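Participant: Input final_18.pdb, format and content: PDB, C-alpha atoms and all ligand atoms.
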MODEL        1
ATOM      1  CA  MET A  19     -15.139 -27.357  14.678
ATOM      2  CA  ALA A  20     -12.765 -24.755  16.051
ATOM      3  CA  TYR A  21     -10.146 -27.288  17.185
ATOM      4  CA  ALA A  22      -9.621 -29.072  13.855
ATOM      5  CA  ALA A  23      -8.267 -26.835  11.129
ATOM      6  CA  PRO A  24      -4.895 -28.288  10.089
ATOM      7  CA  LEU A  25      -5.493 -27.197   6.490
ATOM      8  CA  PRO A  26      -6.551 -23.750   5.287
ATOM      9  CA  ILE A  27      -9.561 -25.397   3.600
ATOM     10  CA  SER A  28     -12.610 -25.676   5.827
ATOM     11  CA  ALA A  29     -14.938 -28.645   5.635
ATOM     12  CA  GLU A  30     -18.007 -26.498   5.136
ATOM     13  CA  ARG A  31     -18.224 -23.384   3.052
ATOM     14  CA  PRO A  32     -18.356 -20.310   5.340
ATOM     15  CA  LEU A  33     -21.656 -18.415   5.279
ATOM     16  CA  SER A  34     -21.728 -15.330   3.109
ATOM     17  CA  ILE A  35     -22.610 -11.877   4.454
ATOM     18  CA  PRO A  36     -25.445 -10.094   2.562
ATOM     19  CA  VAL A  37     -24.124  -7.349   0.264
ATOM     20  CA  ARG A  38     -26.831  -4.971   1.521
ATOM     21  CA  GLU A  39     -25.330  -5.247   4.988
ATOM     22  CA  ILE A  40     -21.766  -4.660   3.760
ATOM     23  CA  ALA A  41     -22.457  -1.692   1.453
ATOM     24  CA  PRO A  42     -22.663   1.208   3.970
ATOM     25  CA  TRP A  43     -19.539   0.009   5.802
ATOM     26  CA  ALA A  44     -17.732  -0.442   2.503
ATOM     27  CA  LEU A  45     -18.565   3.142   1.560
ATOM     28  CA  PHE A  46     -17.223   4.352   4.906
ATOM     29  CA  ALA A  47     -14.012   2.265   4.702
ATOM     30  CA  PHE A  48     -13.209   3.236   1.117
ATOM     31  CA  THR A  49     -13.879   6.932   1.730
ATOM     32  CA  LEU A  50     -11.626   6.885   4.795
ATOM     33  CA  ALA A  51      -8.922   5.045   2.824
ATOM     34  CA  ALA A  52      -9.149   7.553  -0.035
ATOM     35  CA  VAL A  53      -8.797  10.484   2.389
ATOM     36  CA  VAL A  54      -5.787   8.986   4.196
ATOM     37  CA  VAL A  55      -3.999   7.928   1.000
ATOM     38  CA  TYR A  56      -4.709  11.382  -0.425
ATOM     39  CA  PHE A  57      -3.124  13.093   2.575
ATOM     40  CA  VAL A  58      -0.113  10.764   2.648
ATOM     41  CA  GLY A  59       0.478  10.699  -1.064
ATOM     42  CA  PHE A  60      -1.129  13.374  -3.145
ATOM     43  CA  GLU A  61      -1.631  16.533  -1.043
ATOM     44  CA  GLN A  62       0.787  18.730  -2.976
ATOM     45  CA  GLY A  63       1.261  21.006  -5.986
ATOM     46  CA  THR A  64      -1.832  21.816  -8.039
ATOM     47  CA  LEU A  65      -3.719  18.992  -6.319
ATOM     48  CA  ALA A  66      -3.420  20.664  -2.922
ATOM     49  CA  ILE A  67      -6.725  21.527  -1.274
ATOM     50  CA  PHE A  68      -5.145  23.054   1.809
ATOM     51  CA  SER A  69      -2.508  25.710   1.291
ATOM     52  CA  SER A  70      -0.285  24.607   4.172
ATOM     53  CA  ASP A  71       2.171  21.865   3.297
ATOM     54  CA  TYR A  72       2.638  20.859   6.931
ATOM     55  CA  MET A  73       0.788  17.568   6.460
ATOM     56  CA  HIS A  74       2.698  16.876   3.270
ATOM     57  CA  GLU A  75       6.062  17.265   5.011
ATOM     58  CA  PHE A  76       4.921  15.556   8.230
ATOM     59  CA  VAL A  77       4.203  12.187   6.532
ATOM     60  CA  HIS A  78       7.110  12.604   4.095
ATOM     61  CA  ASP A  79       9.076   9.446   4.991
ATOM     62  CA  ALA A  80       5.949   7.266   5.051
ATOM     63  CA  ARG A  81       5.119   8.518   1.539
ATOM     64  CA  HIS A  82       8.555   7.561   0.188
ATOM     65  CA  LEU A  83       8.399   4.113   1.843
ATOM     66  CA  ALA A  84       4.859   3.538   0.528
ATOM     67  CA  GLY A  85       6.295   3.898  -2.979
ATOM     68  CA  LEU A  86       4.279   7.036  -3.718
ATOM     69  CA  PRO A  87       5.869   9.682  -5.925
ATOM     70  CA  CYS A  88       7.760  12.511  -4.168
ATOM     71  CA  HIS A  89      10.959  14.474  -4.639
TER      72      HIS A  89
ATOM     73  CA  MET B  11     -20.186  -6.105   9.984
ATOM     74  CA  ARG B  12     -19.200  -3.212  12.231
ATOM     75  CA  ALA B  13     -17.183  -5.613  14.428
ATOM     76  CA  LEU B  14     -15.502  -7.077  11.343
ATOM     77  CA  LEU B  15     -14.461  -3.654  10.055
ATOM     78  CA  LEU B  16     -13.172  -2.639  13.492
ATOM     79  CA  ARG B  17     -11.134  -5.853  13.667
ATOM     80  CA  GLY B  18      -9.698  -5.104  10.238
ATOM     81  CA  MET B  19      -8.662  -1.589  11.234
ATOM     82  CA  LEU B  20      -7.283  -2.812  14.568
ATOM     83  CA  SER B  21      -5.167  -5.464  12.832
ATOM     84  CA  GLY B  22      -4.011  -2.713  10.473
ATOM     85  CA  VAL B  23      -2.763  -0.660  13.416
ATOM     86  CA  CYS B  24      -0.961  -3.733  14.845
ATOM     87  CA  ALA B  25       0.625  -4.426  11.450
ATOM     88  CA  GLY B  26       1.484  -0.716  11.226
ATOM     89  CA  VAL B  27       3.522  -1.037  14.440
ATOM     90  CA  LEU B  28       5.461  -3.979  12.951
ATOM     91  CA  ALA B  29       5.977  -2.117   9.675
ATOM     92  CA  LEU B  30       7.146   0.929  11.652
ATOM     93  CA  ALA B  31       9.798  -1.147  13.446
ATOM     94  CA  PHE B  32      10.981  -2.486  10.075
ATOM     95  CA  ALA B  33      10.956   0.984   8.518
ATOM     96  CA  VAL B  34      12.944   2.542  11.377
ATOM     97  CA  VAL B  35      15.607  -0.176  11.341
ATOM     98  CA  VAL B  36      15.872  -0.820   7.581
ATOM     99  CA  GLY B  37      14.272   2.153   5.834
ATOM    100  CA  GLU B  38      15.497   5.224   7.690
ATOM    101  CA  PRO B  39      19.248   4.581   7.184
ATOM    102  CA  ALA B  40      18.675   4.545   3.404
ATOM    103  CA  ILE B  41      16.503   7.697   3.545
ATOM    104  CA  ASN B  42      19.159   9.470   5.614
ATOM    105  CA  ARG B  43      21.902   8.542   3.142
ATOM    106  CA  ALA B  44      19.763   9.849   0.274
ATOM    107  CA  ILE B  45      19.168  13.134   2.130
ATOM    108  CA  ALA B  46      22.912  13.388   2.877
ATOM    109  CA  PHE B  47      23.540  13.062  -0.878
ATOM    110  CA  GLU B  48      20.866  15.683  -1.560
ATOM    111  CA  GLU B  49      22.417  18.155   0.883
ATOM    112  CA  ALA B  50      25.957  17.503  -0.349
ATOM    113  CA  SER B  51      25.000  18.137  -3.973
ATOM    114  CA  ALA B  52      22.950  21.209  -3.001
ATOM    115  CA  ALA B  53      25.974  22.632  -1.143
ATOM    116  CA  GLU B  54      28.186  21.901  -4.149
ATOM    117  CA  HIS B  55      25.678  23.591  -6.422
ATOM    118  CA  GLU B  56      25.572  26.676  -4.189
ATOM    119  CA  HIS B  57      29.350  26.766  -4.180
ATOM    120  CA  ALA B  58      29.520  26.608  -7.968
ATOM    121  CA  THR B  59      26.989  29.418  -8.489
ATOM    122  CA  PRO B  60      27.369  31.852  -5.582
ATOM    123  CA  ALA B  61      24.743  34.131  -7.162
ATOM    124  CA  ALA B  62      22.339  33.045  -4.400
ATOM    125  CA  ASP B  63      19.779  30.440  -5.417
ATOM    126  CA  THR B  64      16.784  31.808  -3.523
ATOM    127  CA  HIS B  65      14.651  28.703  -4.018
ATOM    128  CA  ASP B  66      17.328  26.602  -2.325
ATOM    129  CA  ALA B  67      17.171  28.892   0.692
ATOM    130  CA  SER B  68      13.387  28.595   0.909
ATOM    131  CA  ALA B  69      13.666  24.809   0.679
ATOM    132  CA  GLU B  70      15.853  24.888   3.797
ATOM    133  CA  ALA B  71      13.092  26.497   5.867
ATOM    134  CA  LYS B  72      10.922  23.384   6.060
ATOM    135  CA  PRO B  73       7.795  23.406   8.221
ATOM    136  CA  VAL B  74       8.651  19.989   9.665
ATOM    137  CA  SER B  75      12.065  18.988  11.022
ATOM    138  CA  ARG B  76      13.862  15.818   9.931
ATOM    139  CA  GLY B  77      13.474  14.489  13.459
ATOM    140  CA  MET B  78       9.683  14.784  13.162
ATOM    141  CA  GLN B  79       9.647  13.252   9.676
ATOM    142  CA  ARG B  80      11.667  10.191  10.661
ATOM    143  CA  GLY B  81       9.912   9.729  14.011
ATOM    144  CA  VAL B  82       6.348  10.830  14.738
ATOM    145  CA  GLY B  83       5.579  11.602  11.090
ATOM    146  CA  LEU B  84       6.670   8.169   9.865
ATOM    147  CA  ALA B  85       4.745   6.498  12.703
ATOM    148  CA  ALA B  86       1.567   8.518  12.056
ATOM    149  CA  GLY B  87       1.742   7.839   8.307
ATOM    150  CA  LEU B  88       2.312   4.091   8.620
ATOM    151  CA  LEU B  89      -0.298   3.593  11.368
ATOM    152  CA  ALA B  90      -2.904   5.582   9.422
ATOM    153  CA  LEU B  91      -2.156   3.634   6.229
ATOM    154  CA  GLY B  92      -2.265   0.377   8.221
ATOM    155  CA  ALA B  93      -5.663   1.226   9.725
ATOM    156  CA  VAL B  94      -7.325   2.064   6.395
ATOM    157  CA  PHE B  95      -5.646  -0.841   4.553
ATOM    158  CA  GLY B  96      -6.912  -3.128   7.325
ATOM    159  CA  GLY B  97     -10.386  -1.695   6.757
ATOM    160  CA  ILE B  98     -10.158  -2.452   3.022
ATOM    161  CA  VAL B  99      -9.060  -6.027   3.731
ATOM    162  CA  ALA B 100     -12.030  -6.459   6.102
ATOM    163  CA  ILE B 101     -14.489  -5.216   3.448
ATOM    164  CA  VAL B 102     -13.053  -7.374   0.652
ATOM    165  CA  PHE B 103     -12.962 -10.310   3.052
ATOM    166  CA  ALA B 104     -16.654  -9.744   3.890
ATOM    167  CA  VAL B 105     -17.623  -9.566   0.209
ATOM    168  CA  THR B 106     -15.670 -12.662  -0.838
ATOM    169  CA  ARG B 107     -16.512 -14.752   2.225
ATOM    170  CA  GLY B 108     -18.475 -17.810   1.166
ATOM    171  CA  ARG B 109     -18.644 -16.538  -2.428
ATOM    172  CA  LEU B 110     -15.218 -17.488  -3.771
ATOM    173  CA  GLY B 111     -13.802 -20.929  -3.039
ATOM    174  CA  ALA B 112     -13.847 -22.755   0.258
ATOM    175  CA  LEU B 113     -10.931 -21.234   2.148
ATOM    176  CA  SER B 114     -11.171 -20.987   5.924
ATOM    177  CA  ASP B 115     -11.422 -17.523   7.469
ATOM    178  CA  ARG B 116      -7.702 -17.366   8.264
ATOM    179  CA  GLY B 117      -6.745 -18.612   4.827
ATOM    180  CA  SER B 118      -8.937 -16.146   2.992
ATOM    181  CA  ALA B 119      -7.896 -13.211   5.232
ATOM    182  CA  LEU B 120      -4.269 -13.899   4.267
ATOM    183  CA  LEU B 121      -5.167 -14.383   0.588
ATOM    184  CA  VAL B 122      -7.137 -11.108   0.482
ATOM    185  CA  ALA B 123      -4.250  -9.230   2.136
ATOM    186  CA  LEU B 124      -1.669 -10.685  -0.279
ATOM    187  CA  LEU B 125      -3.820  -9.873  -3.316
ATOM    188  CA  ALA B 126      -4.270  -6.330  -1.996
ATOM    189  CA  PHE B 127      -0.483  -6.076  -1.554
ATOM    190  CA  CYS B 128      -0.024  -7.100  -5.211
ATOM    191  CA  ALA B 129      -2.717  -4.729  -6.487
ATOM    192  CA  LEU B 130      -1.908  -1.680  -4.358
ATOM    193  CA  TYR B 131       1.874  -1.943  -4.119
ATOM    194  CA  LEU B 132       3.724  -4.713  -5.971
ATOM    195  CA  LEU B 133       2.372  -4.270  -9.515
ATOM    196  CA  PRO B 134       2.694  -0.441  -9.534
ATOM    197  CA  PHE B 135       6.167  -0.899  -7.950
ATOM    198  CA  LEU B 136       7.284  -3.045 -10.899
ATOM    199  CA  LYS B 137       6.611  -0.129 -13.243
ATOM    200  CA  TYR B 138       7.393   2.752 -10.871
ATOM    201  CA  PRO B 139       9.685   1.431  -8.135
ATOM    202  CA  ALA B 140       9.781   3.397  -4.870
ATOM    203  CA  ASN B 141      12.383   6.165  -4.982
ATOM    204  CA  PRO B 142      14.369   7.579  -2.055
ATOM    205  CA  PRO B 143      14.524  11.365  -1.542
ATOM    206  CA  ALA B 144      16.496  13.265  -4.204
ATOM    207  CA  ALA B 145      16.268  10.432  -6.769
ATOM    208  CA  SER B 146      13.538  12.131  -8.839
ATOM    209  CA  ASP B 147      13.158  15.432 -10.641
ATOM    210  CA  PRO B 148      10.861  17.715  -8.538
ATOM    211  CA  GLY B 149       9.762  19.373 -11.789
ATOM    212  CA  THR B 150       7.950  16.239 -13.001
ATOM    213  CA  ILE B 151       6.057  15.549  -9.761
ATOM    214  CA  GLU B 152       2.648  16.193 -11.315
ATOM    215  CA  ALA B 153       3.266  13.953 -14.334
ATOM    216  CA  ARG B 154       4.731  11.231 -12.101
ATOM    217  CA  THR B 155       1.797  11.457  -9.692
ATOM    218  CA  ALA B 156      -0.715  11.118 -12.542
ATOM    219  CA  ALA B 157       1.203   8.179 -14.057
ATOM    220  CA  TYR B 158       1.426   6.446 -10.677
ATOM    221  CA  ALA B 159      -2.292   6.951 -10.017
ATOM    222  CA  GLY B 160      -3.027   5.477 -13.464
ATOM    223  CA  ALA B 161      -0.811   2.444 -12.821
ATOM    224  CA  LEU B 162      -2.477   1.971  -9.427
ATOM    225  CA  ALA B 163      -6.033   2.131 -10.825
ATOM    226  CA  LEU B 164      -5.253  -0.287 -13.676
ATOM    227  CA  SER B 165      -3.432  -2.641 -11.290
ATOM    228  CA  VAL B 166      -6.499  -2.803  -9.021
ATOM    229  CA  ALA B 167      -8.831  -3.337 -12.003
ATOM    230  CA  ILE B 168      -6.622  -6.109 -13.430
ATOM    231  CA  THR B 169      -6.229  -7.892 -10.084
ATOM    232  CA  ALA B 170      -9.995  -7.805  -9.457
ATOM    233  CA  SER B 171     -10.656  -9.091 -12.998
ATOM    234  CA  ALA B 172      -8.136 -11.908 -12.504
ATOM    235  CA  VAL B 173      -9.950 -12.996  -9.308
ATOM    236  CA  VAL B 174     -13.312 -13.026 -11.128
ATOM    237  CA  LEU B 175     -11.747 -14.911 -14.064
ATOM    238  CA  GLN B 176     -10.240 -17.491 -11.688
ATOM    239  CA  HIS B 177     -13.635 -18.025 -10.062
ATOM    240  CA  TRP B 178     -15.333 -18.453 -13.429
ATOM    241  CA  LEU B 179     -12.670 -20.820 -14.841
ATOM    242  CA  ALA B 180     -12.530 -22.902 -11.642
ATOM    243  CA  ARG B 181     -16.019 -24.300 -12.307
ATOM    244  CA  GLN B 182     -14.917 -25.844 -15.611
ATOM    245  CA  ARG B 183     -11.197 -26.535 -15.216
ATOM    246  CA  GLY B 184     -10.537 -26.949 -11.507
ATOM    247  CA  ALA B 185      -8.729 -24.656  -9.082
ATOM    248  CA  TRP B 186      -5.135 -25.256 -10.260
ATOM    249  CA  ASP B 187      -5.683 -24.562 -13.964
ATOM    250  CA  ALA B 188      -7.999 -21.668 -13.186
ATOM    251  CA  THR B 189      -5.483 -19.997 -10.824
ATOM    252  CA  LEU B 190      -2.599 -20.431 -13.270
ATOM    253  CA  LEU B 191      -4.571 -19.136 -16.265
ATOM    254  CA  ALA B 192      -5.962 -16.159 -14.343
ATOM    255  CA  THR B 193      -2.492 -15.286 -13.028
ATOM    256  CA  VAL B 194      -0.952 -15.459 -16.506
ATOM    257  CA  ALA B 195      -3.771 -13.324 -17.936
ATOM    258  CA  GLY B 196      -3.317 -10.753 -15.164
ATOM    259  CA  VAL B 197       0.467 -10.616 -15.611
ATOM    260  CA  ILE B 198       0.148 -10.170 -19.395
ATOM    261  CA  ALA B 199      -2.502  -7.456 -18.964
ATOM    262  CA  PHE B 200      -0.368  -5.509 -16.502
ATOM    263  CA  ALA B 201       2.750  -5.975 -18.661
ATOM    264  CA  LEU B 202       0.890  -4.291 -21.544
ATOM    265  CA  VAL B 203      -0.127  -1.450 -19.203
ATOM    266  CA  ALA B 204       3.484  -1.090 -18.041
ATOM    267  CA  LEU B 205       4.710  -0.903 -21.647
ATOM    268  CA  ALA B 206       2.150   1.766 -22.491
ATOM    269  CA  LEU B 207       2.825   4.030 -19.483
ATOM    270  CA  PRO B 208       5.625   6.632 -19.713
ATOM    271  CA  MET B 209       9.004   5.963 -18.102
ATOM    272  CA  TYR B 210      10.818   8.408 -15.811
ATOM    273  CA  SER B 211      14.594   7.969 -15.548
ATOM    274  CA  GLU B 212      15.626  10.969 -13.491
ATOM    275  CA  LEU B 213      18.311   9.653 -11.166
ATOM    276  CA  PRO B 214      20.825  12.493 -10.702
ATOM    277  CA  GLU B 215      24.437  11.802 -11.638
ATOM    278  CA  GLY B 216      26.464  10.423  -8.771
ATOM    279  CA  PHE B 217      23.464   9.142  -6.774
ATOM    280  CA  PRO B 218      24.779   6.109  -4.834
ATOM    281  CA  GLY B 219      23.385   2.904  -6.369
ATOM    282  CA  GLU B 220      23.730   1.105  -3.050
ATOM    283  CA  THR B 221      21.388   3.645  -1.394
ATOM    284  CA  LEU B 222      18.821   3.308  -4.194
ATOM    285  CA  TRP B 223      18.858  -0.483  -3.959
ATOM    286  CA  ARG B 224      18.658  -0.539  -0.158
ATOM    287  CA  PHE B 225      15.836   1.993  -0.116
ATOM    288  CA  ARG B 226      13.805  -0.009  -2.632
ATOM    289  CA  LEU B 227      14.278  -3.242  -0.671
ATOM    290  CA  ALA B 228      13.301  -1.377   2.518
ATOM    291  CA  SER B 229      10.156  -0.016   0.871
ATOM    292  CA  LEU B 230       9.204  -3.467  -0.432
ATOM    293  CA  GLY B 231       9.876  -4.996   2.992
ATOM    294  CA  THR B 232       7.885  -2.343   4.861
ATOM    295  CA  GLN B 233       4.834  -2.858   2.671
ATOM    296  CA  LEU B 234       5.152  -6.653   2.808
ATOM    297  CA  VAL B 235       5.313  -6.571   6.634
ATOM    298  CA  LEU B 236       2.297  -4.239   6.684
ATOM    299  CA  TRP B 237       0.083  -6.376   4.435
ATOM    300  CA  LEU B 238       1.247  -9.761   5.788
ATOM    301  CA  GLY B 239       0.648  -8.437   9.296
ATOM    302  CA  ILE B 240      -2.875  -7.354   8.369
ATOM    303  CA  GLY B 241      -3.669 -10.732   6.773
ATOM    304  CA  LEU B 242      -2.336 -12.782   9.681
ATOM    305  CA  VAL B 243      -3.663 -10.658  12.581
ATOM    306  CA  PHE B 244      -7.067 -10.102  10.970
ATOM    307  CA  GLY B 245      -7.404 -13.836  10.228
ATOM    308  CA  LEU B 246      -6.491 -14.731  13.785
ATOM    309  CA  LEU B 247      -8.905 -12.209  15.336
ATOM    310  CA  THR B 248     -11.738 -13.259  13.014
ATOM    311  CA  GLU B 249     -11.275 -16.930  13.806
ATOM    312  CA  ARG B 250     -11.175 -16.158  17.530
ATOM    313  CA  ALA B 251     -14.411 -14.190  17.246
ATOM    314  CA  GLY B 252     -16.152 -17.189  15.692
ATOM    315  CA  SER B 253     -18.253 -17.075  12.563
ATOM    316  CA  PRO B 254     -19.173 -13.420  12.010
ATOM    317  CA  ALA B 255     -21.849 -14.147   9.416
ATOM    318  CA  ARG B 256     -23.736 -16.605  11.566
ATOM    319  CA  LYS B 257     -23.557 -14.339  14.609
ATOM    320  CA  GLU B 258     -24.680 -11.214  12.836
ATOM    321  CA  GLN B 259     -27.407 -12.869  10.806
ATOM    322  CA  SER B 260     -29.019 -14.036  14.012
ATOM    323  CA  GLN B 261     -29.140 -10.477  15.357
TER     324      GLN B 261
HETATM  325 ZN    ZN C   1      10.346  13.431  -0.737
ENDMDL
END
Take the structure in the file and write it out as C-alpha cells.
Facilitator:
Amino acid sequence: MAYAAPLPISAERPLSIPVREIAPWALFAFTLAAVVVYFVGFEQGTLAIFSSDYMHEFVHDARHLAGLPCH
Amino acid sequence: MRALLLRGMLSGVCAGVLALAFAVVVGEPAINRAIAFEEASAAEHEHATPAADTHDASAEAKPVSRGMQRGVGLAAGLLALGAVFGGIVAIVFAVTRGRLGALSDRGSALLVALLAFCALYLLPFLKYPANPPAASDPGTIEARTAAYAGALALSVAITASAVVLQHWLARQRGAWDATLLATVAGVIAFALVALALPMYSELPEGFPGETLWRFRLASLGTQLVLWLGIGLVFGLLTERAGSPARKEQSQ
C-alpha cells in the first residue's frame, strides 16, 4: 500500500486512535503550548508572574513576528 | 501516541529552523527599520524637551541587547513556538484521524496544519495585523493584549465549529457543498466578531508605510513557513513510520 498514493485520498479509511489513549498526551501538549505562548506573548505588565522582564525582552522579535501585541 | 507527539514536536523544530531563516532574511530588516524610526523620533523628542525624560533613559537600559533579540532570542522563540505548535498539530491529527473524511496521513497532516494556521494566526491577523516595533501605543498594551486574546479564542472556536459543521453537512450534501457552506459560515461568524471587537489605530505620525507593509508580509510569511513546514514534515514522518494506530493498538 505504501507505494501507491498518487492522490491525497487513501483507498481505506485510516484507523482511528482511541480518545482515552490521546487524552493524557493532549493535556501535556496543550499545557506546554499554553506555557510557551504565555512566555513569548503575554509575560508583561499586570499579567507578569515573574518580576524580571528578561524573558519578555529575550523573545521580543519572535513575539512581533508571531503577530502578538507588543510596543 | 507518544511517538506521534514526539514526531509532531520534532517537525515543529524543523519548521522552526525554516521559519527562522525566513525571519532573519525578510523579517529582521523591517524590524530594524522600525527600531531606527523609534530611536530617531525618541532623539527628536528628547531634543524638543530637554527637561530630561527619565522614562526614556530607563528604556535605554534594556536587559537584553538588540544583538541577542535578533539572533538567539528570535531563534529560541521561533523554535519553541514551532515545537509546541507541532505538538498541537500531532494531537489534532490523532483526534481527527479516521474520524473526519478519508484523507491519507500526509493529506490530513497538511490540512490540520493549515487549519491551525488560519485559526491561530490568519483570522486574528485580519482583525489585528502584526505590528512592527514602535507602531503601537505602549499605553494600550493591556487592552490590546486582551482584545487579541479574545480574537484568538473566538477564531479557534469558530474554526473548530466550521470543521464539525463540514463533517455533519458532508453526510447529506457531499464534500464540496459541505466545505463551501462551512467555510462561508465560518467567515461570516468571524466577520461579525471582527466588527464587534475594538479597533486600535495608533500608528505614530511619520511611521514609514513601506516598513509597516514589509513587516506585515514578513510576519505572514514567517508563520506560513512555520505551519506549512509542520504540516509537510509531520505528514512525511508519519507516513514513513507506517500506520501509527495499527502499530500502537497491537501493543
Ligand atoms: Zn516590541
Participant: All residues within 7 Å of ligand ZN 1 (chain C) are required, counting only C-alpha atoms and all ligand atoms; please report them as a ChimeraX atom specification.
Facilitator: /A:78,82,88-89 /B:143
Participant: Write out as a ChimeraX atom specification every residue belonging to chain A that has an atom at most 8 Å from any atom of chain B, counting all atoms listed in the file.
Facilitator: /A:26-28,30-35,37,39-40,43-44,47-48,50-51,54-55,58,60,63-64,71-72,75-89
Participant: In Å, rounded to a single decimal, give me how far atom CA of B:Glu54 is from atom CA of B:Ala40.
Facilitator: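 Distance reported for this atom pair: 21.2 Å.
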Participant: What gap, in Å, lies between atom CA of B:His55 and atom CA of B:Met209?
Facilitator: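 Between atom CA of B:His55 and atom CA of B:Met209 the gap is 26.9 Å.
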Participant: To one decimal place, how far is atom CA of B:Ala161 from atom CA of B:Phe200 in Å?
Facilitator: 8.8 Å
Participant: Tell me which residues the PyMOL selection byres (((chain B and resi 238) around 8) and not hetatm) grabs here, as an NGL selection string.
Facilitator: :B and (25 or 120 or 123-124 or 234-237 or 239-242)
Participant: Pull C-alpha atoms from the residues just selected and write them as a short mmCIF file (atom, residue, chain, number, x, y, z; two decimals), in the frame of the given file.
Facilitator:
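File written: result.cif
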data_model
loop_
_atom_site.label_atom_id
_atom_site.label_comp_id
_atom_site.auth_asym_id
_atom_site.auth_seq_id
_atom_site.Cartn_x
_atom_site.Cartn_y
_atom_site.Cartn_z
CA ALA B 25 0.62 -4.43 11.45
CA LEU B 120 -4.27 -13.90 4.27
CA ALA B 123 -4.25 -9.23 2.14
CA LEU B 124 -1.67 -10.68 -0.28
CA LEU B 234 5.15 -6.65 2.81
CA VAL B 235 5.31 -6.57 6.63
CA LEU B 236 2.30 -4.24 6.68
CA TRP B 237 0.08 -6.38 4.43
CA GLY B 239 0.65 -8.44 9.30
CA ILE B 240 -2.88 -7.35 8.37
CA GLY B 241 -3.67 -10.73 6.77
CA LEU B 242 -2.34 -12.78 9.68
#
Participant: Using only C-alpha atoms, which residues sit within 8 Å of B:Leu133 once same-chain residues fewer than 5 positions away are excluded, as a list in words?
Facilitator: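 Contacts, in chain order: Cys128, Leu162, Ser165 and Phe200 of chain B.
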Participant: Starting from the PyMOL selection byres (((chain B and resi 195) around 12) and not hetatm), expand the selection into actual residues of this file and give them as a PyMOL selection string.
Facilitator: chain B and resi 168-176+188-194+196-202
